[in-house]
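Peer 1: Sharing a structure, written as structure tokens. Questions coming.
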Amino acid sequence: MVRPKDAHVLGAYSQYFSSVEGNTTFYGLPKAETVKQWDKETPEQFRFCFKLPQTITHKHQLLSSNVETQEFLDRISPLTAKLGLLCIQLPASFSGSELQNLSDYLSSLPSNLNFAVEVRHPDFFAKGAIEREFNQLLAANKANRISFDTRSLFAHPATDPISRKAKEHKPQLPVHAIATADHPMVRLITPMDWQWAESYLHPWLKKVVNWLDEGRSPYLFFHTPDNAEAPLLAAHFVEQLEKIRPGSCDFTQWPEAASQDSLF
């Protein structure tokens with residue numbers, strides 16, 4: 001695709017993808033004018049999935065965070081009609097013993113927005129009482145569970161610096177693909193050689209088809225260690241999904257290169 005030289009990358013990105021992960025909100029609030037610009041550059045059907053600030057999730061671990069939460073929601077309010085999932089990414093230190101914190105926090109959130117929770121403590125992957133309570137808590141609050149699939153990344157023997165860095169910073173946990181609300185979210189990172197991960201992608205095709213057949217609308221985000229070929233990975237997944245369930249995806253044209261990391 002040829003686009004004007006002054007076109008913002010987000011505007012170009014939104015022509016091919018229906019949603020984006022907004023990671024910079026994890027580190028701080030965007031400027032008010034920046035939020036308005038994001039709104040101007042994207043079509044009505046585009047969806048933003050922002051992470052809640054780390055001051056809420058990591059520093060306070062959801063406690064005494066009403067002021068920070070309201071500031072965050074107020075700042076992104078110009079995008080209310082384009083909000084997909086607001087993601088509560090909890091640190092690995094957040095264990096099952098702190099589920100009450102999560103329960104209290106979820107119950108304080110506005111019901112007109114969709115929230116998703118990502119956990120990284122082993123308690124939530126042990127298939128025991130704590131995980132059952134966690135899933136039930138999410139379902140009761142209509143919050144979505146985020147699945148972060150790094151299995152193929154860690155299974156691949158790549159030793160290049162970029163792959164090593166990715167393995168150092170990404171969690172290595174089991175994948176429990178559970179839908180606790182209407183918008184299950186999958187974050188999937190493959191090796192640089194993403195074609196090698198085909199056997200890890202195939203089960204997700206079946207799972208997505210099941211979710212769609214149940215009337216759910218999942219969010220899927222695809223990554224590689226440097227994200228250079230992430231759009232090709234996403235395009236491949238969509239092509240395979242369309243073969244299994246025609247009409248599942250609206251976006252059928254793909255750019256040669258784009259990186260979510262460059263957007264936010």
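Labeling convention for the structure tokens: chains A, B, ... as they appear, residues from 1 per chain, ligands from 1 in order of appearance.
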At a cut-off of 9 Å, using only C-alpha atoms, what residues contact A:Asn135? Leave out same-chain residues fewer than 3 positions from it and give the result as a list in words.

Peer 2: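 Skipping anything fewer than 3 positions along the chain leaves Phe124, Ile130, Glu131, Arg132, Leu138, Ala139, Ala140, Arg145, Ile178, Ala179 and Thr180 of chain A.
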
Peer 1: Got a sec: who's within 9 Å of A:Ser248, counting only C-alpha atoms, leaving out chain neighbours fewer than 2 positions off, as a JSON list (two decimals) with C-alpha atoms, in the first residue's frame?

Peer 2:
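Ended up saving to around-v3.json:
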[["chain", "number", "residue", "atom", "x", "y", "z"],
["A", 209, "VAL", "CA", -13.89, -21.19, 16.29],
["A", 212, "LEU", "CA", -17.15, -17.58, 17.89],
["A", 238, "VAL", "CA", -6.58, -15.25, 9.74],
["A", 241, "LEU", "CA", -9.27, -19.35, 10.38],
["A", 242, "GLU", "CA", -11.16, -18.28, 7.26],
["A", 245, "ARG", "CA", -14.90, -20.79, 9.46],
["A", 246, "PRO", "CA", -15.49, -18.45, 6.49],
["A", 250, "ASP", "CA", -13.42, -8.59, 8.46]]

Peer 1: Output as a Markdown table one row per residue of stretch 29-139 of chain A within 12 Å of stretch 15-25 of chain A: the closest atom pair and its distance in Å to one decimal place, counting only C-alpha atoms, sorted by chain and residue number ascending.

Peer 2:
| residue | atom | partner | partner_atom | distance |
| --- | --- | --- | --- | --- |
| A:Leu29 | CA | A:Thr25 | CA | 5.3 |
| A:Pro30 | CA | A:Thr25 | CA | 6.5 |
| A:Lys31 | CA | A:Thr25 | CA | 10.3 |
| A:Thr34 | CA | A:Thr25 | CA | 11.8 |
| A:Val35 | CA | A:Thr25 | CA | 10.9 |
| A:Trp38 | CA | A:Gly22 | CA | 10.9 |
| A:Glu41 | CA | A:Gln15 | CA | 10.1 |
| A:Thr42 | CA | A:Gln15 | CA | 8.2 |
| A:Pro43 | CA | A:Gln15 | CA | 8.2 |
| A:Glu44 | CA | A:Ser18 | CA | 10.0 |
| A:Gln45 | CA | A:Ser18 | CA | 7.1 |
| A:Phe46 | CA | A:Ser18 | CA | 5.0 |
| A:Arg47 | CA | A:Ser19 | CA | 4.5 |
| A:Phe48 | CA | A:Val20 | CA | 5.4 |
| A:Cys49 | CA | A:Glu21 | CA | 4.9 |
| A:Phe50 | CA | A:Gly22 | CA | 4.4 |
| A:Lys51 | CA | A:Thr25 | CA | 5.8 |
| A:Leu52 | CA | A:Thr25 | CA | 6.3 |
| A:Pro53 | CA | A:Thr25 | CA | 5.6 |
| A:Gln54 | CA | A:Thr25 | CA | 8.3 |
| A:Thr55 | CA | A:Thr25 | CA | 10.4 |
| A:Ile56 | CA | A:Thr25 | CA | 11.2 |
| A:Thr57 | CA | A:Thr25 | CA | 11.8 |
| A:Glu68 | CA | A:Thr25 | CA | 12.0 |
| A:Thr69 | CA | A:Thr25 | CA | 11.7 |
| A:Glu71 | CA | A:Thr25 | CA | 11.6 |
| A:Phe72 | CA | A:Thr25 | CA | 8.4 |
| A:Leu73 | CA | A:Thr25 | CA | 10.9 |
| A:Arg75 | CA | A:Thr25 | CA | 10.2 |
| A:Ile76 | CA | A:Thr25 | CA | 9.6 |
| A:Lys82 | CA | A:Ser19 | CA | 9.2 |
| A:Leu83 | CA | A:Ser19 | CA | 9.2 |
| A:Gly84 | CA | A:Ser19 | CA | 7.7 |
| A:Leu85 | CA | A:Glu21 | CA | 9.2 |
| A:Leu86 | CA | A:Gly22 | CA | 9.3 |
| A:Cys87 | CA | A:Glu21 | CA | 9.2 |
| A:Ile88 | CA | A:Thr25 | CA | 11.3 |
| A:Gln89 | CA | A:Asn23 | CA | 10.6 |

Peer 1: Return the single residue from A:Leu205, A:Ala228, A:Val9, A:Val186 that is closest to A:Gln240, with distances computed using only C-alpha atoms.

Peer 2: A:Leu205

Peer 1: DSSP on the backbone, strand (DSSP E or B) only: what residues of stretch 93-264 of chain A does that give? Format it as a list of chain:residue names.

Peer 2: A:Phe115, A:Ala116, A:Val117, A:Glu118, A:Asn144, A:Arg145, A:Ile146, A:Ser147, A:Phe148, A:Asp149, A:Met185, A:Val186, A:Arg187, A:Leu188, A:Ile189, A:Tyr219, A:Leu220, A:Phe221, A:Phe222, A:His223

Peer 1: Just N, CA and C atoms for this one: save the residues we selected as a PDB file, in the first residue's frame.

Peer 2:
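Result went into again.pdb, see below:
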ATOM      1  N   PHE A 115     -13.367  -5.326  30.917  1.00  0.00           N
ATOM      2  CA  PHE A 115     -12.055  -5.488  31.536  1.00  0.00           C
ATOM      3  C   PHE A 115     -11.545  -6.917  31.341  1.00  0.00           C
ATOM      4  N   ALA A 116     -10.224  -7.044  31.361  1.00  0.00           N
ATOM      5  CA  ALA A 116      -9.585  -8.357  31.242  1.00  0.00           C
ATOM      6  C   ALA A 116      -8.438  -8.418  32.240  1.00  0.00           C
ATOM      7  N   VAL A 117      -8.152  -9.617  32.722  1.00  0.00           N
ATOM      8  CA  VAL A 117      -7.136  -9.788  33.765  1.00  0.00           C
ATOM      9  C   VAL A 117      -6.099 -10.806  33.307  1.00  0.00           C
ATOM     10  N   GLU A 118      -4.834 -10.424  33.460  1.00  0.00           N
ATOM     11  CA  GLU A 118      -3.729 -11.351  33.182  1.00  0.00           C
ATOM     12  C   GLU A 118      -2.978 -11.612  34.479  1.00  0.00           C
ATOM     13  N   ASN A 144     -12.763 -10.716  31.624  1.00  0.00           N
ATOM     14  CA  ASN A 144     -12.184 -11.724  30.752  1.00  0.00           C
ATOM     15  C   ASN A 144     -10.816 -12.177  31.250  1.00  0.00           C
ATOM     16  N   ARG A 145     -10.522 -13.443  31.082  1.00  0.00           N
ATOM     17  CA  ARG A 145      -9.201 -13.951  31.425  1.00  0.00           C
ATOM     18  C   ARG A 145      -8.299 -13.854  30.193  1.00  0.00           C
ATOM     19  N   ILE A 146      -7.103 -13.318  30.381  1.00  0.00           N
ATOM     20  CA  ILE A 146      -6.130 -13.194  29.298  1.00  0.00           C
ATOM     21  C   ILE A 146      -5.239 -14.422  29.280  1.00  0.00           C
ATOM     22  N   SER A 147      -5.080 -15.019  28.106  1.00  0.00           N
ATOM     23  CA  SER A 147      -4.161 -16.136  27.922  1.00  0.00           C
ATOM     24  C   SER A 147      -2.910 -15.610  27.219  1.00  0.00           C
ATOM     25  N   PHE A 148      -1.754 -15.816  27.828  1.00  0.00           N
ATOM     26  CA  PHE A 148      -0.483 -15.390  27.238  1.00  0.00           C
ATOM     27  C   PHE A 148       0.292 -16.658  26.892  1.00  0.00           C
ATOM     28  N   ASP A 149       0.384 -16.943  25.591  1.00  0.00           N
ATOM     29  CA  ASP A 149       0.982 -18.195  25.130  1.00  0.00           C
ATOM     30  C   ASP A 149       2.410 -17.940  24.654  1.00  0.00           C
ATOM     31  N   MET A 185      -9.244 -12.959  25.649  1.00  0.00           N
ATOM     32  CA  MET A 185      -8.103 -12.326  24.989  1.00  0.00           C
ATOM     33  C   MET A 185      -6.918 -13.278  24.971  1.00  0.00           C
ATOM     34  N   VAL A 186      -6.264 -13.357  23.816  1.00  0.00           N
ATOM     35  CA  VAL A 186      -5.091 -14.207  23.646  1.00  0.00           C
ATOM     36  C   VAL A 186      -3.926 -13.345  23.201  1.00  0.00           C
ATOM     37  N   ARG A 187      -2.829 -13.424  23.923  1.00  0.00           N
ATOM     38  CA  ARG A 187      -1.575 -12.785  23.533  1.00  0.00           C
ATOM     39  C   ARG A 187      -0.600 -13.916  23.217  1.00  0.00           C
ATOM     40  N   LEU A 188      -0.148 -13.971  21.987  1.00  0.00           N
ATOM     41  CA  LEU A 188       0.656 -15.100  21.534  1.00  0.00           C
ATOM     42  C   LEU A 188       1.965 -14.607  20.945  1.00  0.00           C
ATOM     43  N   ILE A 189       3.081 -15.147  21.455  1.00  0.00           N
ATOM     44  CA  ILE A 189       4.396 -14.802  20.924  1.00  0.00           C
ATOM     45  C   ILE A 189       5.096 -16.068  20.463  1.00  0.00           C
ATOM     46  N   TYR A 219     -10.352 -11.320  21.365  1.00  0.00           N
ATOM     47  CA  TYR A 219      -9.284 -10.437  20.903  1.00  0.00           C
ATOM     48  C   TYR A 219      -8.003 -11.260  20.843  1.00  0.00           C
ATOM     49  N   LEU A 220      -7.296 -11.192  19.708  1.00  0.00           N
ATOM     50  CA  LEU A 220      -6.050 -11.923  19.551  1.00  0.00           C
ATOM     51  C   LEU A 220      -4.953 -10.969  19.100  1.00  0.00           C
ATOM     52  N   PHE A 221      -3.809 -11.048  19.775  1.00  0.00           N
ATOM     53  CA  PHE A 221      -2.657 -10.222  19.422  1.00  0.00           C
ATOM     54  C   PHE A 221      -1.452 -11.138  19.213  1.00  0.00           C
ATOM     55  N   PHE A 222      -0.777 -10.948  18.074  1.00  0.00           N
ATOM     56  CA  PHE A 222       0.318 -11.829  17.675  1.00  0.00           C
ATOM     57  C   PHE A 222       1.644 -11.071  17.716  1.00  0.00           C
ATOM     58  N   HIS A 223       2.655 -11.754  18.237  1.00  0.00           N
ATOM     59  CA  HIS A 223       3.977 -11.148  18.358  1.00  0.00           C
ATOM     60  C   HIS A 223       5.066 -12.156  17.987  1.00  0.00           C
TER      61      HIS A 223
END

Peer 1: Name the residues of stretch 72-197 of chain A that fall into helix (DSSP H, G or I) according to DSSP on the backbone, using the chain letters and numbers of this document, as JSON, numbers by chain.

Peer 2: {"A": [72, 73, 74, 75, 77, 78, 79, 80, 81, 82, 96, 97, 98, 99, 100, 101, 102, 103, 104, 105, 106, 107, 122, 123, 124, 125, 129, 130, 131, 132, 133, 134, 135, 136, 137, 138, 139, 140, 151, 152, 153, 154, 155, 161, 162, 163, 164, 165, 166, 167, 168, 169, 194, 195, 196, 197]}

Peer 1: Kindly give the distance, in Å, that separates atom CA of A:Pro184 and atom CA of A:Trp211, rounded to a single decimal.

Peer 2: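 Going from atom CA of A:Pro184 over to atom CA of A:Trp211 covers 8.3 Å.
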
Peer 1: Identify which of the residues A:Ala92, A:Ser14, A:Glu214, A:Cys249 lies closest to A:His169, counting only C-alpha atoms when measuring atom-to-atom distances.

Peer 2: A:Ala92

Peer 1: Quote the spacing between atom CA of A:Lys243 and atom CA of A:Pro174 in Å to one decimal place.

Peer 2: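 Between atom CA of A:Lys243 and atom CA of A:Pro174 the gap is 28.0 Å.
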
Peer 1: Show me, as a PyMOL selection string, the residues that have an atom within 9 Å of stretch 96-100 of chain A when counting only C-alpha atoms, minus same-chain residues fewer than 6 positions from it.

Peer 2: chain A and resi 61+121-124+130-131+133-134+137
